[in-house]
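What follows is one structure encoded as structure tokens, with my remarks underneath.
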Amino acid sequence: MNKREELIIKYAAELKDKFGLEPDMDLLTKITIGCGPSIYNADSATVSSSDDSELERVKTNFLIKKLGLEDTPELDVAINSVIDNYGRSNRTKYRVVVYYLLTKHFSKETVY
């Protein structure tokens, strides 16, 4: 099993354990691949909810550029909802898991 497959299994477990979701493994795999090499770097593999510029990057680079959403207040509400559900004090919020939850929230699975 390669490193990416190990990470996908870890992300699936995170979705099951923390959110009670049975992940769509095909979508989870595609999002993981879409994140590229950032998943192998400890800093870029996670989302810092205490850093406003990081949350702005999630909105701009993922929700607007990747998913093709319009910049509306609903984007900030969705990001904050995912972060709140993940646990603001949780220091390990995996980027792939956050992106997966946002993709599902906005029903944008077809982008992948």
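Residues in the structure tokens are named by chain (A, B, ... in the order shown) and by number from 1 within that chain; ligands are numbered from 1 in the order shown.
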| said: Would you pick out the contacts of segment 21-26 of chain A at 12 Å or less, using only C-alpha atoms, so that residues sharing its chain but fewer than 6 positions from it are not included, and give the list as a PyMOL selection string? | reply: chain A and resi 5+8-15+32-33+96-97+100-101+103-104+109-110+112
| Counting only C-alpha atoms, what is within 12 Å of Ser44 of chain A, bar same-chain residues fewer than 4 positions away, as a PyMOL selection string? | chain A and resi 35-40+48+54+57-58+92-96
Go ahead and dump the residues you just picked, N, CA and C atoms, as a PDB file, in the first residue's frame.
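Saved file again_32.pdb follows:
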ATOM      1  N   CYS A  35      -5.566  17.358  -4.346  1.00  0.00           N
ATOM      2  CA  CYS A  35      -4.754  18.168  -3.430  1.00  0.00           C
ATOM      3  C   CYS A  35      -3.264  18.056  -3.736  1.00  0.00           C
ATOM      4  N   GLY A  36      -2.909  17.071  -4.538  1.00  0.00           N
ATOM      5  CA  GLY A  36      -1.522  16.930  -4.967  1.00  0.00           C
ATOM      6  C   GLY A  36      -0.565  16.661  -3.819  1.00  0.00           C
ATOM      7  N   PRO A  37       0.670  17.132  -3.979  1.00  0.00           N
ATOM      8  CA  PRO A  37       1.699  16.836  -2.976  1.00  0.00           C
ATOM      9  C   PRO A  37       1.483  17.516  -1.626  1.00  0.00           C
ATOM     10  N   SER A  38       0.530  18.436  -1.537  1.00  0.00           N
ATOM     11  CA  SER A  38       0.300  19.122  -0.261  1.00  0.00           C
ATOM     12  C   SER A  38      -0.108  18.157   0.850  1.00  0.00           C
ATOM     13  N   ILE A  39      -0.671  17.005   0.490  1.00  0.00           N
ATOM     14  CA  ILE A  39      -1.120  16.057   1.516  1.00  0.00           C
ATOM     15  C   ILE A  39       0.044  15.401   2.257  1.00  0.00           C
ATOM     16  N   TYR A  40       1.251  15.496   1.694  1.00  0.00           N
ATOM     17  CA  TYR A  40       2.413  14.866   2.320  1.00  0.00           C
ATOM     18  C   TYR A  40       3.181  15.808   3.231  1.00  0.00           C
ATOM     19  N   SER A  48      -5.774  25.416   9.147  1.00  0.00           N
ATOM     20  CA  SER A  48      -5.708  26.124  10.415  1.00  0.00           C
ATOM     21  C   SER A  48      -6.920  27.036  10.532  1.00  0.00           C
ATOM     22  N   GLU A  54      -5.893  31.610   6.012  1.00  0.00           N
ATOM     23  CA  GLU A  54      -6.023  30.209   5.582  1.00  0.00           C
ATOM     24  C   GLU A  54      -7.468  29.905   5.174  1.00  0.00           C
ATOM     25  N   ARG A  57      -8.146  31.394   1.901  1.00  0.00           N
ATOM     26  CA  ARG A  57      -7.566  30.581   0.818  1.00  0.00           C
ATOM     27  C   ARG A  57      -8.461  29.404   0.471  1.00  0.00           C
ATOM     28  N   VAL A  58      -9.041  28.773   1.498  1.00  0.00           N
ATOM     29  CA  VAL A  58      -9.975  27.666   1.253  1.00  0.00           C
ATOM     30  C   VAL A  58     -11.138  28.176   0.415  1.00  0.00           C
ATOM     31  N   THR A  92      -5.804  19.172  14.231  1.00  0.00           N
ATOM     32  CA  THR A  92      -5.553  18.396  13.023  1.00  0.00           C
ATOM     33  C   THR A  92      -6.835  18.269  12.209  1.00  0.00           C
ATOM     34  N   LYS A  93      -7.101  19.311  11.450  1.00  0.00           N
ATOM     35  CA  LYS A  93      -8.249  19.295  10.534  1.00  0.00           C
ATOM     36  C   LYS A  93      -7.688  19.050   9.139  1.00  0.00           C
ATOM     37  N   TYR A  94      -7.828  17.821   8.675  1.00  0.00           N
ATOM     38  CA  TYR A  94      -7.231  17.461   7.387  1.00  0.00           C
ATOM     39  C   TYR A  94      -7.896  18.214   6.247  1.00  0.00           C
ATOM     40  N   ARG A  95      -7.072  18.793   5.394  1.00  0.00           N
ATOM     41  CA  ARG A  95      -7.546  19.565   4.242  1.00  0.00           C
ATOM     42  C   ARG A  95      -8.476  18.721   3.367  1.00  0.00           C
ATOM     43  N   VAL A  96      -8.099  17.475   3.116  1.00  0.00           N
ATOM     44  CA  VAL A  96      -8.915  16.606   2.267  1.00  0.00           C
ATOM     45  C   VAL A  96     -10.298  16.405   2.877  1.00  0.00           C
TER      46      VAL A  96
END
| So, counting only C-alpha atoms, which residue among A:Ser49, A:Leu67, A:Leu102, A:Ser107 is closest to Ser89 of chain A? | A:Ser49
| query | Using only C-alpha atoms, which residues sit within 8 Å of Asp76 of chain A once same-chain residues fewer than 4 positions away are excluded, as a list in words? | reply | Lys59, Thr72 and Asn80 of chain A
Put those residues in a file: C-alpha atoms, as a PDB file, in the first residue's frame.
ATOM      1  CA  LYS A  59     -12.781  29.909   0.052  1.00  0.00           C
ATOM      2  CA  THR A  72     -21.367  34.861  -1.359  1.00  0.00           C
ATOM      3  CA  ASN A  80     -17.395  27.895   9.568  1.00  0.00           C
TER       4      ASN A  80
END
| field | Non-local contacts of Arg88 of chain A (12 Å; only C-alpha atoms; under 2 positions in same chain excluded) as a list in words | value | Val47, Ser48, Ser49, Ser50, Asp51, Ile79, Asn80, Ser81, Val82, Ile83, Asp84, Asn85, Tyr86, Asn90, Arg91, Thr92 and Lys93 of chain A
Selection export as an mmCIF file, in the first residue's frame, atoms kept: N, CA and C atoms:
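For reference, out03.cif as written:
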data_model
loop_
_atom_site.group_PDB
_atom_site.id
_atom_site.type_symbol
_atom_site.label_atom_id
_atom_site.label_comp_id
_atom_site.auth_asym_id
_atom_site.auth_seq_id
_atom_site.Cartn_x
_atom_site.Cartn_y
_atom_site.Cartn_z
ATOM 1 N N VAL A 47 -5.839 22.273 7.774
ATOM 2 C CA VAL A 47 -6.403 23.612 7.675
ATOM 3 C C VAL A 47 -6.365 24.237 9.066
ATOM 4 N N SER A 48 -5.774 25.416 9.147
ATOM 5 C CA SER A 48 -5.708 26.124 10.415
ATOM 6 C C SER A 48 -6.920 27.036 10.532
ATOM 7 N N SER A 49 -7.820 26.687 11.433
ATOM 8 C CA SER A 49 -9.046 27.481 11.575
ATOM 9 C C SER A 49 -8.813 28.778 12.325
ATOM 10 N N SER A 50 -7.667 28.912 12.978
ATOM 11 C CA SER A 50 -7.379 30.148 13.701
ATOM 12 C C SER A 50 -6.716 31.188 12.803
ATOM 13 N N ASP A 51 -6.393 30.797 11.576
ATOM 14 C CA ASP A 51 -5.735 31.701 10.630
ATOM 15 C C ASP A 51 -6.756 32.154 9.582
ATOM 16 N N ILE A 79 -17.955 27.146 5.449
ATOM 17 C CA ILE A 79 -16.614 26.884 5.985
ATOM 18 C C ILE A 79 -16.665 26.855 7.506
ATOM 19 N N ASN A 80 -17.305 27.847 8.108
ATOM 20 C CA ASN A 80 -17.395 27.895 9.568
ATOM 21 C C ASN A 80 -18.176 26.718 10.134
ATOM 22 N N SER A 81 -19.192 26.274 9.433
ATOM 23 C CA SER A 81 -19.961 25.116 9.871
ATOM 24 C C SER A 81 -19.090 23.857 9.887
ATOM 25 N N VAL A 82 -18.333 23.661 8.817
ATOM 26 C CA VAL A 82 -17.439 22.494 8.753
ATOM 27 C C VAL A 82 -16.395 22.571 9.865
ATOM 28 N N ILE A 83 -15.800 23.742 10.050
ATOM 29 C CA ILE A 83 -14.780 23.910 11.091
ATOM 30 C C ILE A 83 -15.386 23.687 12.477
ATOM 31 N N ASP A 84 -16.583 24.216 12.720
ATOM 32 C CA ASP A 84 -17.242 24.012 14.018
ATOM 33 C C ASP A 84 -17.529 22.537 14.256
ATOM 34 N N ASN A 85 -18.012 21.838 13.223
ATOM 35 C CA ASN A 85 -18.305 20.408 13.370
ATOM 36 C C ASN A 85 -17.032 19.593 13.574
ATOM 37 N N TYR A 86 -15.953 20.017 12.932
ATOM 38 C CA TYR A 86 -14.664 19.331 13.082
ATOM 39 C C TYR A 86 -14.116 19.576 14.487
ATOM 40 N N ASN A 90 -9.636 21.355 17.666
ATOM 41 C CA ASN A 90 -8.929 20.230 17.062
ATOM 42 C C ASN A 90 -7.830 20.787 16.166
ATOM 43 N N ARG A 91 -6.582 20.498 16.466
ATOM 44 C CA ARG A 91 -5.467 21.066 15.720
ATOM 45 C C ARG A 91 -5.202 20.337 14.414
ATOM 46 N N THR A 92 -5.804 19.172 14.231
ATOM 47 C CA THR A 92 -5.553 18.396 13.023
ATOM 48 C C THR A 92 -6.835 18.269 12.209
ATOM 49 N N LYS A 93 -7.101 19.311 11.450
ATOM 50 C CA LYS A 93 -8.249 19.295 10.534
ATOM 51 C C LYS A 93 -7.688 19.050 9.139
#
| query | At what distance in Å, to one decimal, does atom CA of Val77 of chain A lie from atom CA of Ile31 of chain A? | reply | 21.3 Å
| said: Can you pull out every residue from chain A that DSSP, working from the backbone, puts in helix (DSSP H, G or I), and format the result as a PyMOL selection string? | reply: chain A and resi 3-19+25-34+36-40+52-66+73-86+95-105+109-111
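Reported to one decimal place, the separation of atom CA of Glu56 of chain A from atom CA of Thr29 of chain A is 24.2 Å.
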